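Student: Take this structure first; my questions come after.
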Amino acid sequence: MIRFENVAMAYGDNKVIDNLNLEIKSGQLVVLVGPSGCGKTTTLQLINRLIDPTEGKIYLNGVDIQTIDPVELRRSIGYVIQEIGLFPHMTIEQNVEIVPKLLGWSQEKRSARTLELLQMVGMDAETYLHRYPSDLSGGQQQRIGVLRALAVEPPLILMDEPFGALDPITRDNLQDEIKKLQKRLNKTIVFVTHDMDEAIKIADVIVLMQKGRIVQAASPDELLSNPKNDFVAEFVGKHRFYLNSVELVKDVMRSKVFKVSVDFGLAQSIALMESERVSSLLVVDDEDRLLGSLGIEDIMTKARPGMSVGDLELKKLPYILPDAPAKEAFELITEQNLDILAVVDEENHVLGVVTKTSMVKSLAQVVWGGK
Amino acid sequence: MNVSIIGKALLEHLQIVFTGIAAGCLVGIPTGSLLRGHKKVAKIVFVIVDIIQTVPTLAMFTFVMLIFGLNNSTVIFSIFLYSLFPIVRNTYVGIMGVDQGAIRAGRGLGMTKMQIYFQVELPLAFPVILSGIRLALVSALGIATTGVLIGASGLGMPIWRGIQTRNMSMMLSGAIPVSLLAVLFDVLLSTLEKRLSR
Ligand SMILES: Nc1ncnc2c1ncn2[C@@H]1O[C@H](COP(=O)(O)OP(=O)(O)OP(=O)(O)O)[C@@H](O)[C@H]1O
Ligand SMILES: [Mg+2]
């Protein structure tokens, strides 16, 4: 979709982009990351010709963009600018409808689209359509800035730190929203951020830049597991330990599992817990298929003499397949604060469990190496 | 004192003032806008309009009279010249003060230069421009009053006649409306400015 060929850009003697070569494929979400002033915004603006290169060529779908009228080019590319840039004298409605208007859409088509967009970010049209940007919070303004870029559903969207001013929850939602949008409508997105977490979360390809050059362009996994040099490793920082993406659930799971079947007596279950020093057990059927789990607290509060495991209500236990990346299992455990995660095969047979202890072991291995 | 005579004088007065100011806007706003990005030219233009506006009213009338003769046109043209300073300067300042982010956004979204000027820069600079127009307008009301000295019509007429005939009520029948007009325009336009600048 976009190809940079030996592109350089200088302000006077100050070369801010140096010999940039990059190919962005259609449907990809490419994230540019790097320290402040490394040329991320400049790279983005080279694509919609807000800046022209001093050397080299940029191709959009095979066409040299120098041959495309800049105004036409920009109308066909969505752009979220770093400083938000809503027009303070226009209402939210007018702001969102700028590009549709420039492209001559009818009033009905514009209104329908605007409603759809506001709904997408959970902002009530009644309330906001006729307000001015200054009546909105920073986060709300930023959302409108994103919507404005999406208004005419351009195939290519440039986003310059679009979520900088948002609270973590909204930010998270919008990241998901953008990712879905990209997948569903097969959009190509070039996204700039300072935030490595954000990059890792949404990117298909991360382009790490330093002083106007690309240091490494790779998938998040590749970048995490094979940082090209110290700069990359340091920038990736805490994520570096975040694994060894080749490690799978079956490599880290514990296969010794304490499980009981439904007809097991409660007294026996308690005895097993006591001898193995665990506070919960997996419950399986006759063919070793996972049914749920039983915690000591359930037995304490609900059990009466003579009952068996099947008489109590079992807790649902989250599970994962053995061939999933270990990273995913750890994320589940961390995010949902689980004590234990079952590993089951396609037929729901219990193969093992992943616990917080398995996580510690796996990380220790990355940090100190070896088994 | 005949009310209809005062009414007529008032209308003529307003006509002189508005024509002069309208011409000032027509010339001043584009000039102020075009100066953006030409600092050196802007400096020269400001010196010229500043010199123009320091010329005393009667001296100005004398010069302009050489072209237009003793009538309303001389007053209108003088008002036009005086209005250039506040209008050109405020337009320039207003346009220069427009948030760069808004302009970049306009460019990034695919607006042409003209669309950016009319849809972004001019509206955003308008409150500042309006305050220049207000200054020009209020001082034009005074200049038009002096116009009677060179045979122009307007509210200066009853004041001048009143002075010559020692007729206090005639003097007041011109002085009160012209003062009220000045206060009225000042209040109206400053309110509008405040409402527009958000
Ligand atoms: N108009 C300009 N004139 C001169 N130098 C500029 C101009 N715009 C940017 N630069 C310089 O170009 C370099 C790259 O700027 P750019 O805005 O692309 O950085 P960035 O990676 O987007 O930084 P940030 O993360 O702070 O937004 C910086 O060193 C900056 O100082
Ligand atoms: Mg930037």
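Just so we're on the same page: first chain in the structure tokens is A, next is B, and so on; residues restart at 1 for each chain, and ligands are numbered from 1 in the order they show up.
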Which protein, DNA or RNA residues have an atom within 6 Å of ligand 1, counting only C-alpha atoms and all ligand atoms, as a list of chain:residue names?

Tutor: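 The neighbouring residues of ligand 1 are, in order, A:Tyr11, A:Val16, A:Ser36, A:Gly37, A:Cys38, A:Gly39, A:Lys40, A:Thr41, A:Thr42.
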
Student: Check every protein, DNA and RNA residue against ligand 2, keep those with an atom at most 12 Å away (counting only C-alpha atoms and all ligand atoms), and present them as a list in words.

Tutor: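 Residues lying within 12 Å of ligand 2: Leu32, Val33, Gly34, Pro35, Ser36, Gly37, Cys38, Gly39, Lys40, Thr41, Thr42, Thr43, Leu44, Gln45, Val80, Ile81, Gln82, Glu83, Ile84, Met159, Asp160, Glu161, Pro162, Gly164, Phe191, Val192, Thr193 and His194 of chain A.
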
Student: I need the strand (DSSP E or B) residues of segment 169-322 of chain A per DSSP on the backbone, written as a tab-separated table (two decimals) with all heavy atoms, in the first residue's frame.

Tutor:
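Final output, result.tsv:
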```
chain	number	residue	atom	x	y	z
A	188	THR	N	-5.96	0.16	6.47
A	188	THR	CA	-4.54	0.27	6.75
A	188	THR	C	-4.36	1.45	7.68
A	188	THR	O	-4.89	2.53	7.41
A	188	THR	CB	-3.76	0.53	5.45
A	188	THR	OG1	-4.17	-0.43	4.49
A	188	THR	CG2	-2.27	0.43	5.68
A	189	ILE	N	-3.67	1.24	8.79
A	189	ILE	CA	-3.52	2.31	9.76
A	189	ILE	C	-2.05	2.52	10.10
A	189	ILE	O	-1.34	1.56	10.37
A	189	ILE	CB	-4.32	2.00	11.05
A	189	ILE	CG1	-5.81	1.83	10.72
A	189	ILE	CG2	-4.12	3.10	12.09
A	189	ILE	CD1	-6.67	1.49	11.91
A	190	VAL	N	-1.61	3.76	10.03
A	190	VAL	CA	-0.27	4.10	10.51
A	190	VAL	C	-0.48	4.91	11.77
A	190	VAL	O	-1.13	5.96	11.75
A	190	VAL	CB	0.54	4.89	9.49
A	190	VAL	CG1	1.98	5.03	9.97
A	190	VAL	CG2	0.52	4.21	8.13
A	191	PHE	N	0.06	4.42	12.87
A	191	PHE	CA	-0.29	4.92	14.20
A	191	PHE	C	0.99	5.34	14.90
A	191	PHE	O	1.96	4.59	14.94
A	191	PHE	CB	-0.95	3.74	14.93
A	191	PHE	CG	-1.60	4.06	16.23
A	191	PHE	CD1	-2.98	4.07	16.32
A	191	PHE	CD2	-0.85	4.29	17.37
A	191	PHE	CE1	-3.61	4.33	17.54
A	191	PHE	CE2	-1.47	4.56	18.58
A	191	PHE	CZ	-2.85	4.57	18.66
A	192	VAL	N	1.00	6.54	15.46
A	192	VAL	CA	2.19	7.00	16.18
A	192	VAL	C	1.91	6.99	17.67
A	192	VAL	O	0.84	7.40	18.11
A	192	VAL	CB	2.56	8.44	15.75
A	192	VAL	CG1	3.60	9.02	16.69
A	192	VAL	CG2	3.09	8.44	14.33
A	193	THR	N	2.86	6.52	18.45
A	193	THR	CA	2.70	6.59	19.90
A	193	THR	C	4.05	6.63	20.58
A	193	THR	O	5.07	6.28	20.01
A	193	THR	CB	1.88	5.40	20.45
A	193	THR	OG1	1.72	5.56	21.85
A	193	THR	CG2	2.56	4.07	20.18
A	205	VAL	N	2.82	-4.54	12.97
A	205	VAL	CA	4.25	-4.28	12.82
A	205	VAL	C	4.61	-3.06	13.65
A	205	VAL	O	3.90	-2.06	13.62
A	205	VAL	CB	4.60	-3.99	11.34
A	205	VAL	CG1	6.07	-3.61	11.21
A	205	VAL	CG2	4.28	-5.19	10.46
A	206	ILE	N	5.67	-3.17	14.41
A	206	ILE	CA	6.16	-2.01	15.16
A	206	ILE	C	7.41	-1.49	14.46
A	206	ILE	O	8.31	-2.26	14.14
A	206	ILE	CB	6.52	-2.39	16.62
A	206	ILE	CG1	5.26	-2.83	17.36
A	206	ILE	CG2	7.18	-1.23	17.33
A	206	ILE	CD1	5.51	-3.23	18.80
A	207	VAL	N	7.42	-0.18	14.21
A	207	VAL	CA	8.60	0.43	13.60
A	207	VAL	C	9.23	1.31	14.67
A	207	VAL	O	8.66	2.31	15.07
A	207	VAL	CB	8.21	1.27	12.38
A	207	VAL	CG1	9.44	1.99	11.83
A	207	VAL	CG2	7.58	0.40	11.31
A	208	LEU	N	10.39	0.89	15.14
A	208	LEU	CA	11.05	1.65	16.19
A	208	LEU	C	12.05	2.61	15.55
A	208	LEU	O	12.92	2.19	14.80
A	208	LEU	CB	11.74	0.70	17.17
A	208	LEU	CG	12.39	1.33	18.39
A	208	LEU	CD1	11.41	2.19	19.16
A	208	LEU	CD2	12.95	0.27	19.31
A	209	MET	N	11.88	3.90	15.83
A	209	MET	CA	12.72	4.91	15.18
A	209	MET	C	13.63	5.59	16.19
A	209	MET	O	13.32	5.69	17.38
A	209	MET	CB	11.84	5.97	14.51
A	209	MET	CG	10.96	5.41	13.42
A	209	MET	SD	9.97	6.71	12.64
A	209	MET	CE	11.25	7.70	11.86
A	210	GLN	N	14.75	6.07	15.68
A	210	GLN	CA	15.69	6.83	16.50
A	210	GLN	C	16.40	7.81	15.58
A	210	GLN	O	16.92	7.41	14.54
A	210	GLN	CB	16.71	5.87	17.13
A	210	GLN	CG	17.70	6.55	18.04
A	210	GLN	CD	18.81	5.60	18.49
A	210	GLN	OE1	19.10	4.64	17.81
A	210	GLN	NE2	19.41	5.87	19.64
A	213	ARG	N	15.94	7.57	11.82
A	213	ARG	CA	16.18	6.29	11.14
A	213	ARG	C	15.33	5.20	11.76
A	213	ARG	O	14.95	5.28	12.93
A	213	ARG	CB	17.64	5.87	11.31
A	213	ARG	CG	18.62	6.73	10.54
A	213	ARG	CD	20.03	6.41	11.01
A	213	ARG	NE	21.01	7.01	10.11
A	213	ARG	CZ	21.41	6.44	8.99
A	213	ARG	NH1	20.96	5.24	8.63
A	213	ARG	NH2	22.27	7.05	8.21
A	214	ILE	N	15.09	4.15	10.97
A	214	ILE	CA	14.40	3.00	11.51
A	214	ILE	C	15.44	2.08	12.14
A	214	ILE	O	16.40	1.69	11.50
A	214	ILE	CB	13.65	2.24	10.40
A	214	ILE	CG1	12.53	3.11	9.85
A	214	ILE	CG2	13.09	0.93	10.94
A	214	ILE	CD1	11.75	2.47	8.73
A	215	VAL	N	15.25	1.77	13.42
A	215	VAL	CA	16.19	0.87	14.08
A	215	VAL	C	15.75	-0.58	13.86
A	215	VAL	O	16.54	-1.45	13.53
A	215	VAL	CB	16.27	1.15	15.58
A	215	VAL	CG1	17.33	0.28	16.22
A	215	VAL	CG2	16.57	2.62	15.81
A	216	GLN	N	14.48	-0.83	14.04
A	216	GLN	CA	13.97	-2.17	13.82
A	216	GLN	C	12.49	-2.09	13.45
A	216	GLN	O	11.74	-1.35	14.08
A	216	GLN	CB	14.17	-3.05	15.06
A	216	GLN	CG	13.81	-4.50	14.84
A	216	GLN	CD	14.24	-5.42	15.99
A	216	GLN	OE1	14.68	-4.95	17.05
A	216	GLN	NE2	14.13	-6.72	15.79
A	217	ALA	N	12.11	-2.84	12.46
A	217	ALA	CA	10.71	-2.93	12.08
A	217	ALA	C	10.34	-4.40	12.12
A	217	ALA	O	10.88	-5.18	11.35
A	217	ALA	CB	10.48	-2.35	10.69
A	218	ALA	N	9.46	-4.76	13.02
A	218	ALA	CA	9.15	-6.18	13.19
A	218	ALA	C	7.82	-6.33	13.92
A	218	ALA	O	7.28	-5.35	14.44
A	218	ALA	CB	10.25	-6.85	14.00
A	248	LEU	N	5.05	-22.40	24.90
A	248	LEU	CA	3.62	-22.70	24.83
A	248	LEU	C	3.10	-23.11	26.20
A	248	LEU	O	3.88	-23.43	27.10
A	248	LEU	CB	3.37	-23.84	23.84
A	248	LEU	CG	3.87	-23.57	22.41
A	248	LEU	CD1	3.62	-24.78	21.53
A	248	LEU	CD2	3.19	-22.34	21.83
A	254	ARG	N	1.78	-27.40	34.77
A	254	ARG	CA	2.12	-28.46	35.71
A	254	ARG	C	1.18	-29.62	35.40
A	254	ARG	O	-0.04	-29.45	35.38
A	254	ARG	CB	1.87	-27.95	37.12
A	254	ARG	CG	2.69	-28.64	38.17
A	254	ARG	CD	2.42	-28.03	39.50
A	254	ARG	NE	1.05	-28.32	39.92
A	254	ARG	CZ	0.41	-27.65	40.86
A	254	ARG	NH1	0.99	-26.61	41.45
A	254	ARG	NH2	-0.82	-27.97	41.21
A	259	LYS	N	-7.21	-33.75	41.27
A	259	LYS	CA	-8.59	-33.72	40.78
A	259	LYS	C	-9.42	-34.80	41.43
A	259	LYS	O	-8.89	-35.81	41.92
A	259	LYS	CB	-8.60	-33.86	39.26
A	259	LYS	CG	-7.88	-35.10	38.76
A	259	LYS	CD	-7.65	-35.03	37.27
A	259	LYS	CE	-6.83	-36.25	36.83
A	259	LYS	NZ	-6.38	-36.18	35.46
A	260	VAL	N	-10.71	-34.58	41.45
A	260	VAL	CA	-11.65	-35.55	42.02
A	260	VAL	C	-12.81	-35.72	41.06
A	260	VAL	O	-13.10	-34.82	40.27
A	260	VAL	CB	-12.18	-35.07	43.40
A	260	VAL	CG1	-11.06	-35.07	44.41
A	260	VAL	CG2	-12.81	-33.69	43.27
A	261	SER	N	-13.47	-36.85	41.13
A	261	SER	CA	-14.65	-37.02	40.28
A	261	SER	C	-15.89	-36.70	41.09
A	261	SER	O	-15.83	-36.56	42.31
A	261	SER	CB	-14.71	-38.43	39.71
A	261	SER	OG	-14.87	-39.34	40.77
A	265	GLY	N	-16.44	-38.47	47.85
A	265	GLY	CA	-17.04	-37.90	49.05
A	265	GLY	C	-16.33	-36.62	49.47
A	265	GLY	O	-15.16	-36.42	49.19
A	280	SER	N	-7.91	-25.85	46.55
A	280	SER	CA	-9.01	-26.18	45.65
A	280	SER	C	-8.65	-27.39	44.80
A	280	SER	O	-7.46	-27.70	44.61
A	280	SER	CB	-9.36	-24.98	44.76
A	280	SER	OG	-8.31	-24.71	43.87
A	281	LEU	N	-9.67	-28.01	44.28
A	281	LEU	CA	-9.48	-29.22	43.48
A	281	LEU	C	-10.21	-29.08	42.16
A	281	LEU	O	-11.24	-28.40	42.09
A	281	LEU	CB	-10.06	-30.44	44.22
A	281	LEU	CG	-9.44	-30.78	45.58
A	281	LEU	CD1	-10.30	-31.83	46.28
A	281	LEU	CD2	-8.00	-31.27	45.40
A	282	LEU	N	-9.68	-29.73	41.12
A	282	LEU	CA	-10.42	-29.78	39.86
A	282	LEU	C	-11.44	-30.90	39.94
A	282	LEU	O	-11.17	-31.95	40.53
A	282	LEU	CB	-9.46	-30.08	38.70
A	282	LEU	CG	-8.97	-28.85	37.92
A	282	LEU	CD1	-8.17	-27.95	38.83
A	282	LEU	CD2	-8.16	-29.27	36.71
A	283	VAL	N	-12.59	-30.70	39.35
A	283	VAL	CA	-13.60	-31.75	39.36
A	283	VAL	C	-13.81	-32.24	37.94
A	283	VAL	O	-13.96	-31.43	37.01
A	283	VAL	CB	-14.94	-31.22	39.92
A	283	VAL	CG1	-15.97	-32.33	39.95
A	283	VAL	CG2	-14.73	-30.62	41.30
A	284	VAL	N	-13.76	-33.56	37.76
A	284	VAL	CA	-13.87	-34.13	36.41
A	284	VAL	C	-14.97	-35.18	36.39
A	284	VAL	O	-15.41	-35.65	37.44
A	284	VAL	CB	-12.55	-34.77	35.97
A	284	VAL	CG1	-11.46	-33.72	35.79
A	284	VAL	CG2	-12.11	-35.83	36.96
A	289	ARG	N	-13.07	-35.48	31.98
A	289	ARG	CA	-13.37	-34.20	31.35
A	289	ARG	C	-13.67	-33.15	32.42
A	289	ARG	O	-14.37	-33.44	33.40
A	289	ARG	CB	-14.54	-34.34	30.37
A	289	ARG	CG	-14.12	-35.03	29.07
A	289	ARG	CD	-15.24	-34.98	28.07
A	289	ARG	NE	-16.39	-35.74	28.51
A	289	ARG	CZ	-16.88	-36.80	27.84
A	289	ARG	NH1	-16.33	-37.19	26.71
A	289	ARG	NH2	-17.92	-37.44	28.30
A	290	LEU	N	-13.20	-31.95	32.18
A	290	LEU	CA	-13.31	-30.89	33.19
A	290	LEU	C	-14.76	-30.46	33.43
A	290	LEU	O	-15.51	-30.18	32.50
A	290	LEU	CB	-12.51	-29.66	32.72
A	290	LEU	CG	-12.51	-28.46	33.66
A	290	LEU	CD1	-11.75	-28.78	34.95
A	290	LEU	CD2	-11.91	-27.24	32.98
A	291	LEU	N	-15.16	-30.41	34.69
A	291	LEU	CA	-16.50	-29.93	35.02
A	291	LEU	C	-16.45	-28.57	35.75
A	291	LEU	O	-17.35	-27.78	35.65
A	291	LEU	CB	-17.21	-30.94	35.91
A	291	LEU	CG	-17.54	-32.28	35.26
A	291	LEU	CD1	-18.11	-33.25	36.29
A	291	LEU	CD2	-18.53	-32.10	34.12
A	292	GLY	N	-15.37	-28.38	36.50
A	292	GLY	CA	-15.28	-27.13	37.24
A	292	GLY	C	-14.28	-27.28	38.37
A	292	GLY	O	-13.43	-28.17	38.33
A	293	SER	N	-14.41	-26.44	39.38
A	293	SER	CA	-13.49	-26.59	40.51
A	293	SER	C	-14.25	-26.47	41.82
A	293	SER	O	-15.37	-25.97	41.88
A	293	SER	CB	-12.38	-25.56	40.45
A	293	SER	OG	-12.85	-24.32	40.89
A	294	LEU	N	-13.60	-26.94	42.86
A	294	LEU	CA	-14.22	-26.94	44.17
A	294	LEU	C	-13.23	-26.32	45.15
A	294	LEU	O	-12.10	-26.79	45.27
A	294	LEU	CB	-14.50	-28.40	44.57
A	294	LEU	CG	-15.21	-28.62	45.89
A	294	LEU	CD1	-16.62	-28.05	45.84
A	294	LEU	CD2	-15.25	-30.12	46.20
A	295	GLY	N	-13.65	-25.27	45.83
A	295	GLY	CA	-12.73	-24.60	46.76
A	295	GLY	C	-13.04	-24.99	48.18
A	295	GLY	O	-14.16	-25.37	48.50
A	308	SER	N	-21.55	-35.84	48.54
A	308	SER	CA	-20.41	-36.05	47.65
A	308	SER	C	-20.16	-34.77	46.83
A	308	SER	O	-20.97	-33.84	46.86
A	308	SER	CB	-20.66	-37.25	46.73
A	308	SER	OG	-21.73	-36.96	45.87
A	315	LYS	N	-17.61	-24.34	40.91
A	315	LYS	CA	-17.21	-23.07	40.31
A	315	LYS	C	-16.75	-23.32	38.89
A	315	LYS	O	-16.11	-24.33	38.60
A	315	LYS	CB	-16.06	-22.45	41.11
A	315	LYS	CG	-16.56	-21.48	42.16
A	315	LYS	CD	-15.46	-20.59	42.69
A	315	LYS	CE	-14.29	-21.36	43.26
A	315	LYS	NZ	-13.73	-20.87	44.48
A	319	TYR	N	-10.23	-22.10	31.20
A	319	TYR	CA	-9.27	-23.08	30.69
A	319	TYR	C	-8.63	-22.56	29.41
A	319	TYR	O	-9.06	-21.58	28.80
A	319	TYR	CB	-9.94	-24.42	30.44
A	319	TYR	CG	-11.14	-24.35	29.53
A	319	TYR	CD1	-10.98	-24.39	28.14
A	319	TYR	CD2	-12.43	-24.21	30.04
A	319	TYR	CE1	-12.08	-24.31	27.30
A	319	TYR	CE2	-13.52	-24.13	29.21
A	319	TYR	CZ	-13.35	-24.18	27.84
A	319	TYR	OH	-14.43	-24.08	27.02
A	320	ILE	N	-7.58	-23.25	28.99
A	320	ILE	CA	-6.84	-22.85	27.80
A	320	ILE	C	-6.30	-24.11	27.13
A	320	ILE	O	-6.15	-25.15	27.78
A	320	ILE	CB	-5.71	-21.87	28.20
A	320	ILE	CG1	-5.14	-21.16	26.98
A	320	ILE	CG2	-4.61	-22.59	29.00
A	320	ILE	CD1	-4.36	-19.91	27.31
```

Student: Starting from chain A, keep only residues with some atom at most 8 Å from an atom of chain B, counting only C-alpha atoms, and report them as a list in words.

Tutor: Asn48, Leu50, Pro70, Val71, Glu72, Leu73, Arg74, Arg75, Ile77, Gly78, Tyr79, Ile81, Glu83, Ile84, Gly85, Leu86, Phe87, Pro88, His89, Ile98, Val99, Leu102, Ser134 and Ala149 of chain A

Student: Phe18 of chain B: which residues within 10 Å, counting only C-alpha atoms, same-chain residues fewer than 2 positions away excluded, as a PyMOL selection string?

Tutor: chain B and resi 12-16+20-24+76+79-80+137+140-141

Student: From a backbone DSSP assignment, name each residue in segment 87-267 of chain A labelled helix (DSSP H, G or I), as a ChimeraX atom specification.

Tutor: /A:92-96,98-102,107-120,125-128,133-135,138-150,168-185,196-202,220-225,230-241,249-252,266-267

Student: Just the selected residues (C-alpha atoms), exported as an mmCIF file, in the first residue's frame, please.

Tutor:
```
data_model
loop_
_atom_site.group_PDB
_atom_site.id
_atom_site.type_symbol
_atom_site.label_atom_id
_atom_site.label_comp_id
_atom_site.auth_asym_id
_atom_site.auth_seq_id
_atom_site.Cartn_x
_atom_site.Cartn_y
_atom_site.Cartn_z
ATOM 1 C CA ILE A 92 -19.083 18.816 17.154
ATOM 2 C CA GLU A 93 -21.403 18.023 14.263
ATOM 3 C CA GLN A 94 -19.680 20.519 11.967
ATOM 4 C CA ASN A 95 -16.259 19.272 12.980
ATOM 5 C CA VAL A 96 -17.072 15.647 12.242
ATOM 6 C CA ILE A 98 -15.848 18.518 7.454
ATOM 7 C CA VAL A 99 -14.471 15.936 5.074
ATOM 8 C CA PRO A 100 -17.882 14.554 4.062
ATOM 9 C CA LYS A 101 -18.798 18.152 3.206
ATOM 10 C CA LEU A 102 -15.597 18.713 1.246
ATOM 11 C CA GLN A 107 -27.084 16.346 4.251
ATOM 12 C CA GLU A 108 -28.885 13.055 5.044
ATOM 13 C CA LYS A 109 -25.879 10.912 4.352
ATOM 14 C CA ARG A 110 -23.709 13.143 6.528
ATOM 15 C CA SER A 111 -26.120 13.173 9.467
ATOM 16 C CA ALA A 112 -26.598 9.427 9.373
ATOM 17 C CA ARG A 113 -22.874 8.860 9.366
ATOM 18 C CA THR A 114 -22.272 11.319 12.201
ATOM 19 C CA LEU A 115 -24.821 9.563 14.395
ATOM 20 C CA GLU A 116 -23.236 6.221 13.657
ATOM 21 C CA LEU A 117 -19.792 7.536 14.552
ATOM 22 C CA LEU A 118 -20.834 9.128 17.844
ATOM 23 C CA GLN A 119 -22.534 5.922 18.790
ATOM 24 C CA MET A 120 -19.343 4.033 18.115
ATOM 25 C CA ALA A 125 -25.739 12.568 19.836
ATOM 26 C CA GLU A 126 -28.545 14.586 21.457
ATOM 27 C CA THR A 127 -26.147 15.837 24.086
ATOM 28 C CA TYR A 128 -23.070 16.519 22.016
ATOM 29 C CA PRO A 133 -15.203 21.605 21.492
ATOM 30 C CA SER A 134 -14.475 23.834 24.492
ATOM 31 C CA ASP A 135 -17.496 22.289 26.247
ATOM 32 C CA GLY A 138 -9.839 16.534 26.661
ATOM 33 C CA GLY A 139 -10.649 12.878 26.192
ATOM 34 C CA GLN A 140 -13.942 13.597 24.483
ATOM 35 C CA GLN A 141 -12.250 16.067 22.161
ATOM 36 C CA GLN A 142 -9.701 13.456 21.255
ATOM 37 C CA ARG A 143 -12.440 10.974 20.419
ATOM 38 C CA ILE A 144 -14.070 13.520 18.138
ATOM 39 C CA GLY A 145 -10.676 14.050 16.488
ATOM 40 C CA VAL A 146 -10.537 10.328 15.749
ATOM 41 C CA LEU A 147 -14.109 10.257 14.452
ATOM 42 C CA ARG A 148 -13.396 13.161 12.152
ATOM 43 C CA ALA A 149 -10.658 11.092 10.531
ATOM 44 C CA LEU A 150 -12.923 8.067 10.164
ATOM 45 C CA PRO A 168 -6.699 4.325 30.751
ATOM 46 C CA ILE A 169 -10.149 2.768 30.435
ATOM 47 C CA THR A 170 -11.345 4.855 27.511
ATOM 48 C CA ARG A 171 -7.957 4.452 25.957
ATOM 49 C CA ASP A 172 -8.205 0.701 26.226
ATOM 50 C CA ASN A 173 -11.694 0.711 24.704
ATOM 51 C CA LEU A 174 -10.642 2.870 21.809
ATOM 52 C CA GLN A 175 -7.586 0.727 21.136
ATOM 53 C CA ASP A 176 -9.884 -2.279 20.889
ATOM 54 C CA GLU A 177 -12.259 -0.296 18.732
ATOM 55 C CA ILE A 178 -9.503 0.721 16.310
ATOM 56 C CA LYS A 179 -8.131 -2.783 16.139
ATOM 57 C CA LYS A 180 -11.573 -4.172 15.365
ATOM 58 C CA LEU A 181 -12.220 -1.528 12.786
ATOM 59 C CA GLN A 182 -8.964 -2.306 11.076
ATOM 60 C CA LYS A 183 -9.719 -6.028 11.012
ATOM 61 C CA ARG A 184 -13.379 -5.725 10.069
ATOM 62 C CA LEU A 185 -13.026 -3.142 7.320
ATOM 63 C CA MET A 196 5.272 0.735 24.033
ATOM 64 C CA ASP A 197 2.354 -0.996 25.783
ATOM 65 C CA GLU A 198 -0.013 0.558 23.310
ATOM 66 C CA ALA A 199 2.225 -0.441 20.406
ATOM 67 C CA ILE A 200 2.477 -4.041 21.565
ATOM 68 C CA LYS A 201 -1.230 -4.250 22.091
ATOM 69 C CA ILE A 202 -2.432 -3.089 18.699
ATOM 70 C CA PRO A 220 5.637 -7.200 18.425
ATOM 71 C CA ASP A 221 6.633 -10.802 19.160
ATOM 72 C CA GLU A 222 9.767 -10.562 17.100
ATOM 73 C CA LEU A 223 10.697 -7.240 18.671
ATOM 74 C CA LEU A 224 10.233 -8.617 22.166
ATOM 75 C CA SER A 225 12.053 -11.853 21.632
ATOM 76 C CA ASP A 230 20.585 -2.373 23.141
ATOM 77 C CA PHE A 231 18.513 0.614 22.118
ATOM 78 C CA VAL A 232 15.633 -1.624 21.126
ATOM 79 C CA ALA A 233 16.044 -3.785 24.200
ATOM 80 C CA GLU A 234 16.020 -0.766 26.455
ATOM 81 C CA PHE A 235 13.065 0.830 24.722
ATOM 82 C CA VAL A 236 11.132 -2.389 24.931
ATOM 83 C CA GLY A 237 12.184 -2.327 28.578
ATOM 84 C CA LYS A 238 10.030 -4.259 30.999
ATOM 85 C CA HIS A 239 8.420 -6.116 28.157
ATOM 86 C CA ARG A 240 11.657 -7.855 27.455
ATOM 87 C CA PHE A 241 10.979 -10.392 30.197
ATOM 88 C CA VAL A 249 1.176 -23.504 27.542
ATOM 89 C CA LYS A 250 2.178 -27.165 27.498
ATOM 90 C CA ASP A 251 5.795 -26.167 28.167
ATOM 91 C CA VAL A 252 4.957 -24.294 31.332
ATOM 92 C CA LEU A 266 -16.502 -34.497 50.581
ATOM 93 C CA ALA A 267 -14.611 -35.899 53.536
#
```
